[in-house]
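Take a look at the structure below.
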Amino acid sequence: VPVASGTGGMQTVTLIPGDGIGPEISSAVMKIFETAKAPIRWEERNVTAIKGPGGRWMIPPDAKESMDKSKIGLKGPLKTPIAAGHPSMNLLLRKTFDLYANVRPCISIEGYKTPYTDVNLVTIRENTEGEYSGIEHVIVDGVVQSIKLITEDASRRIAEYAFEYARNNQRNSVTAVHKANIMRMSDGLFLRKCREVAENYKDIKFTEMYLDTVCLNMVQDPTQFDVLVMPNLYGDILSDLCAGLIGGLGVTPSGNIGANGVAIFESVHGTAPDIAGLDLANPTALLLSAVMMLRHMGLHDYGNKIQTACFDTIRDKKVLTKDLGGNSKCSEFTADICRRIQDLD
Amino acid sequence: MTARSVRSLSGALKPLFSNRCPGITSCFLQVYGAASCNQRQKSTYTPPPARYGGRHTVTLIPGDGIGPELGNHVRELFRFCCVPVDFEVVNVDSSVASEDDINNAIMAIRRNGVALKGNIETNHNLPPSYKSRNNLLRTTLDLYANVMHCQSLPGVRTRHRNIDIMIIRENTEGEYSSLEHENVPGVVECLKIITKTKSLRIADYAFRTARAKGRRRVTAVHKANIMKLGDGLFLECCKEVASGYPEITFDSMIVDNTTMQLVSRPQQFDLMVMPNLYGNVVSNVCAGLVGGPGLVPGANYGEDYAVFETGTRNTGKSIANRNTANPTAMLLASCLLLDHLKLHAYASMIRRAILSTVSETRLHTADLGGQGSTSEVVQSIMNAVQSTGPQTLSI
């Protein structure tokens with residue numbers, strides 16, 4: 001966990017509002033942070049890809065500079081370009097900052113009812129290789145080969161992060177999710193690295209479970225899971241499955257941890273262009289990601305205060321946005337949270 | 001829905017006869033029945049020929065964990081109901097490195113055409129030369145379609161109600177191609193193979209099944225936004241086949257969104273078709289949604305063979321030999337087997353008895369939150385069968 005640094009106790013965070021509802025939920029978060037008097041100084045940047053020298057697509061240099069200095073970022077939803085010619089911005093960010101771990105804590109939100117209560121788990125997904133290496137070939141007409149890449153270094157790195165996270169967040173166990181019965185070499189390597197790292201963290205219980213068994217048990221009793229660590233594809237599927245358990249992407253926080261201490265926290269829902277600018281958006285996902293960010297920075301008190309206020313507002317059900325089942329505006333929802341924060345002080 | 005072929009028989013006979021008497025092979029085929037001749041032209045299905053006085057022989061592979069005890073219960077139930085099926089038991093020892101056992105099992109299935117199997121354990125700490133026996137069986141026999149029908153059962157309390165999803169999963173290629181290599185120490189490549197032939201084949205199977213079962217909507221599950229070539233090809237093949245079935249709505253969904261939708265609103269799905277790995281995930285999620293691994297049967301169909309097992313393929317090592325396993329999945333799989341053999345009356349009778357037993361909460365086994373034992377459940381099923389009046393063997 002990086003130590004708070006910066007002038008006058010204020011820490012700089014690079015804010016990437018994003019597209020669609022991005023700007024309005026970002027301002028909602030900024031307003032809430034202001035009310036909570038969190039020691040954060042926001043630096044807004046745009047990450048729309050530009051063509052750099054040599055013709056390669058890259059994120060704008062001022063955005064990169066800001067991130068390199070602040071090390072912490074908060075990002076709203078980014079539009080997926082179809083005919084823009086450049087790759088997805090998320091992919092670009094991932095490559096630029098070597099964001100190797102995607103962390104999604106899935107905690108049931110009291111007051112937002114889903115068929116699953118008491119969910120309290122964290123999925124940690126390797127985010128750089130695996131099935132998403134993007135290496136595909138057409139061998140002969142009608143035969144396609146996609147390559148899943150597993151390397152020792154990436155596996156060790158994600159396993160180490162998972163155990164560190166478990167230790168820092170008082171979690172009791174880490175479960176490696178794999179399919180080594182079928183993919184013996186690749187998932188076998190991943191598993192071996194997890195086992196090796198587990199040796200250095202004897203205070204944390206380490207278990208292994210097949211992907212299908214995890215899926216089977218997850219939908220029957222999600223309370224048996226704590227921290228899950230896995231390669232890219234399984235992580236993608238399981239993290240969305242778990243998000244579904246607690247209510248969907250509109251209420252799920254997410255964090256991406258990179259090399260060199262960089263961390264970018266983001267909301268993983270879409271840009272919702274149909275409601276953009278209409279003050280109808282739900283800022284919960286971005287807000288909870290910002291709370292995750294505060295905890296990552298060691299500012300637990302502020303994080304807890306903001307999270308409590310947010311959950312209380314949802315539990316109260318008086319000013320919910322449309323996706324949560326109410327018909328209030330984003331500004332009303334935000335104002336309610338701010339009021340509660342002031343009351344808590 | 002397979003075609004038990006006598007092609008191998010006619011193929012074997014051809015060299016014997018064709019040189020001397022060109023007409024004899026065709027006469028031979030005529031003697032064996034017009035239906036089998038038509039197999040190559042139409043896809044009319046002929047069940048495996050019954051042997052020895054109307055009784056079918058079916059291969060039984062007990063497997064590991066709870067497999068053997070469940071296999072025994074199937075035999076017990078069939079004997080009780082006087083089902084004209086004899087089981088040829090072939091044991092596969094998963095602890096030996098030699099593949100002789102699994103090859104014997106495969107040979108037995110080729111001989112009989114149909115099998116009921118328990119899951120064979122794979123020790124994933126063994127080197128890659130030791131392949132998963134289950135996978136070997138599926139790929140060697142080309143059992144290309146794995147079919148799982150997940151339905152909400154009355155009497156089983158789950159978080160979601162009214163689920164009725166049919167999952168058709170490509171069973172032989174994709175991520176399960178077992179092609180891996182270590183380029184340099186510490187860097188491993190695993191190949192996922194998607195072919196046009198197999199994708200078209202499974203899509204065709206899915207749509208034919210949808211039509212036959214009156215399903216209105218087929219959803220293809222994929223990740224073509226990331227694996228553009230591989231899953232892209234799969235999706236293209238599905239679209240191509242879909243165009244030949246205008247009465248069926250075809251749509252597609254990305255696998256991560258699919259799992260999210262499944263846990264929030266599973267009632268929106270009808271029939272789903274997908275490549276191997278996503279099939280593994282989705283079928284386990286759906287099985288969990290309707291009540292767990294003890295309830296859902298699974299079927300693996302190929303052109304010539306059919307193998308029935310529990311849907312989620314678990315060995316159940318931790319509950320083996322304790323008389324606590326839920327026999328429902330295996331017994332329902334045996335009903336699917338009976339349907340495949342065209343013994344529909346027996347299949348319906350046994351299925352009715354199983355479903356009436358499963359709705360009795362006091363008989364629920366541990367996986368359903370109860371304290372019933374396997375033998376109690378089987379006894380109750382036998383009682384239910386007896387009460388409907390057919391001829392049964394007294395125990």
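Just remember, in the structure tokens the first chain shown is A, the second B, etc., residues are 1-based per chain, and ligands are 1-based in the order shown.
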
Dump as JSON lines the rows for residues of chain B within 6 Å of chain A: closest atom pair and distance in Å with one decimal, only C-alpha atoms counted, ordered by chain and rising residue number.
```
{"residue": "B:Thr122", "atom": "CA", "partner": "A:Asn181", "partner_atom": "CA", "distance": 5.9}
{"residue": "B:His124", "atom": "CA", "partner": "A:Asn181", "partner_atom": "CA", "distance": 4.7}
{"residue": "B:Pro128", "atom": "CA", "partner": "A:Arg184", "partner_atom": "CA", "distance": 5.5}
{"residue": "B:Arg159", "atom": "CA", "partner": "A:Pro115", "partner_atom": "CA", "distance": 5.9}
{"residue": "B:Gly186", "atom": "CA", "partner": "A:Glu152", "partner_atom": "CA", "distance": 4.7}
{"residue": "B:Val187", "atom": "CA", "partner": "A:Thr151", "partner_atom": "CA", "distance": 4.4}
{"residue": "B:Val188", "atom": "CA", "partner": "A:Ile150", "partner_atom": "CA", "distance": 5.2}
{"residue": "B:Glu189", "atom": "CA", "partner": "A:Leu149", "partner_atom": "CA", "distance": 4.8}
{"residue": "B:Cys190", "atom": "CA", "partner": "A:Lys148", "partner_atom": "CA", "distance": 5.0}
{"residue": "B:Leu191", "atom": "CA", "partner": "A:Ile147", "partner_atom": "CA", "distance": 4.8}
{"residue": "B:Lys192", "atom": "CA", "partner": "A:Ser146", "partner_atom": "CA", "distance": 5.0}
{"residue": "B:Ile193", "atom": "CA", "partner": "A:Gln145", "partner_atom": "CA", "distance": 4.6}
{"residue": "B:Ile194", "atom": "CA", "partner": "A:Val144", "partner_atom": "CA", "distance": 5.2}
{"residue": "B:Thr195", "atom": "CA", "partner": "A:Val143", "partner_atom": "CA", "distance": 4.3}
{"residue": "B:Lys196", "atom": "CA", "partner": "A:Gly142", "partner_atom": "CA", "distance": 4.6}
{"residue": "B:Gly230", "atom": "CA", "partner": "A:Val144", "partner_atom": "CA", "distance": 5.5}
{"residue": "B:Asp256", "atom": "CA", "partner": "A:Ile237", "partner_atom": "CA", "distance": 4.6}
{"residue": "B:Thr259", "atom": "CA", "partner": "A:Leu241", "partner_atom": "CA", "distance": 5.2}
{"residue": "B:Met260", "atom": "CA", "partner": "A:Gly244", "partner_atom": "CA", "distance": 4.4}
{"residue": "B:Val281", "atom": "CA", "partner": "A:Asp212", "partner_atom": "CA", "distance": 5.6}
{"residue": "B:Asn284", "atom": "CA", "partner": "A:Leu216", "partner_atom": "CA", "distance": 4.9}
{"residue": "B:Val285", "atom": "CA", "partner": "A:Leu216", "partner_atom": "CA", "distance": 5.2}
{"residue": "B:Gly288", "atom": "CA", "partner": "A:Leu216", "partner_atom": "CA", "distance": 4.9}
```

Nearby residues (only C-alpha atoms) at most 6 Å from Thr374 in chain B, same-chain spacing under 2 positions excluded, as a PyMOL selection string: chain B and resi 323-326+376-377

Could you give me, as number ranges by chain, the residues within 6 Å of range 170-173 of chain A, counting only C-alpha atoms and dropping anything in the same chain fewer than 4 positions from it? A: 166, 204-206, 226

Can you pull out every residue within 12 Å of Thr310 in chain B, counting only C-alpha atoms, but drop anything in the same chain fewer than 4 positions away, and send it as JSON, numbers by chain? {"B": [62, 63, 66, 67, 70, 71, 116, 117, 118, 119, 120, 146, 147, 148, 149, 150, 283, 284, 287, 292, 293, 294, 295, 296, 297, 298, 299, 300, 314, 315, 316, 326, 327, 328, 329, 330, 331, 332, 333, 334, 335, 336, 337]}

Taking only range 98-266 of chain A into account, list the residues labelled alpha helix (DSSP H) by DSSP (computed from the backbone), as a PyMOL selection string. chain A and resi 152-168+184-198+211-220+232-246

Neighbour list for Tyr278 in chain B as a PDB file with all heavy atoms, in the first residue's frame, cut-off 7 Å, only C-alpha atoms, skip fewer than 4 positions in-chain:
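File produced: around-v9.pdb:
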```pdb
ATOM      1  N   VAL B 255     -20.034 -14.282 -23.338  1.00  0.00           N
ATOM      2  CA  VAL B 255     -20.089 -15.222 -22.222  1.00  0.00           C
ATOM      3  C   VAL B 255     -20.118 -14.563 -20.845  1.00  0.00           C
ATOM      4  O   VAL B 255     -20.842 -15.027 -19.950  1.00  0.00           O
ATOM      5  CB  VAL B 255     -18.947 -16.277 -22.322  1.00  0.00           C
ATOM      6  CG1 VAL B 255     -17.579 -15.620 -22.294  1.00  0.00           C
ATOM      7  CG2 VAL B 255     -19.055 -17.310 -21.229  1.00  0.00           C
ATOM      8  N   MET B 274     -22.789 -23.389 -27.692  1.00  0.00           N
ATOM      9  CA  MET B 274     -21.500 -22.734 -27.453  1.00  0.00           C
ATOM     10  C   MET B 274     -20.316 -23.676 -27.587  1.00  0.00           C
ATOM     11  O   MET B 274     -20.491 -24.888 -27.549  1.00  0.00           O
ATOM     12  CB  MET B 274     -21.494 -22.138 -26.053  1.00  0.00           C
ATOM     13  CG  MET B 274     -21.701 -23.179 -24.988  1.00  0.00           C
ATOM     14  SD  MET B 274     -22.462 -22.481 -23.535  1.00  0.00           S
ATOM     15  CE  MET B 274     -24.168 -22.761 -23.899  1.00  0.00           C
ATOM     16  N   VAL B 282     -21.139 -22.437 -18.426  1.00  0.00           N
ATOM     17  CA  VAL B 282     -22.588 -22.197 -18.463  1.00  0.00           C
ATOM     18  C   VAL B 282     -23.370 -23.391 -17.939  1.00  0.00           C
ATOM     19  O   VAL B 282     -24.336 -23.234 -17.186  1.00  0.00           O
ATOM     20  CB  VAL B 282     -23.041 -21.824 -19.896  1.00  0.00           C
ATOM     21  CG1 VAL B 282     -24.554 -21.809 -20.021  1.00  0.00           C
ATOM     22  CG2 VAL B 282     -22.477 -20.471 -20.277  1.00  0.00           C
TER      23      VAL B 282
END
```

Could you give me the residues within range 102-311 of chain A that DSSP places in strand (DSSP E or B), as an MDAnalysis selection string? chainID A and resid 102:107 120:126 130:140 143:151 173:178 205:210 227:230 253:258 263:267

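Reported to one decimal place, the separation of CA of Asp19 in chain A from CA of Gly277 in chain A is 10.4 Å.
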
For Gln342 in chain A, work out the shell of residues within 9 Å, counting only C-alpha atoms and skipping chain neighbours fewer than 3 positions away, then give it as a ChimeraX atom specification. /A:35-36,337-339,345

Mind checking which residues fall within 9 Å of Tyr301 in chain B, counting only C-alpha atoms, ignoring those fewer than 4 positions away in the same chain, and posting them as a ChimeraX atom specification? /B:1-2,142-147,305-308

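Using only C-alpha atoms, the smallest distance between any of B:Ile319, B:Leu271, B:Val156, B:Ile226 and Ser88 in chain A comes from B:Ile226.
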
Å distance separating CA of Gly111 in chain A from CA of Asn327 in chain A, one decimal place: 15.7 Å

Point-to-point distance in Å for CA of Leu288 in chain A and CA of Gln307 in chain A: 6.9 Å
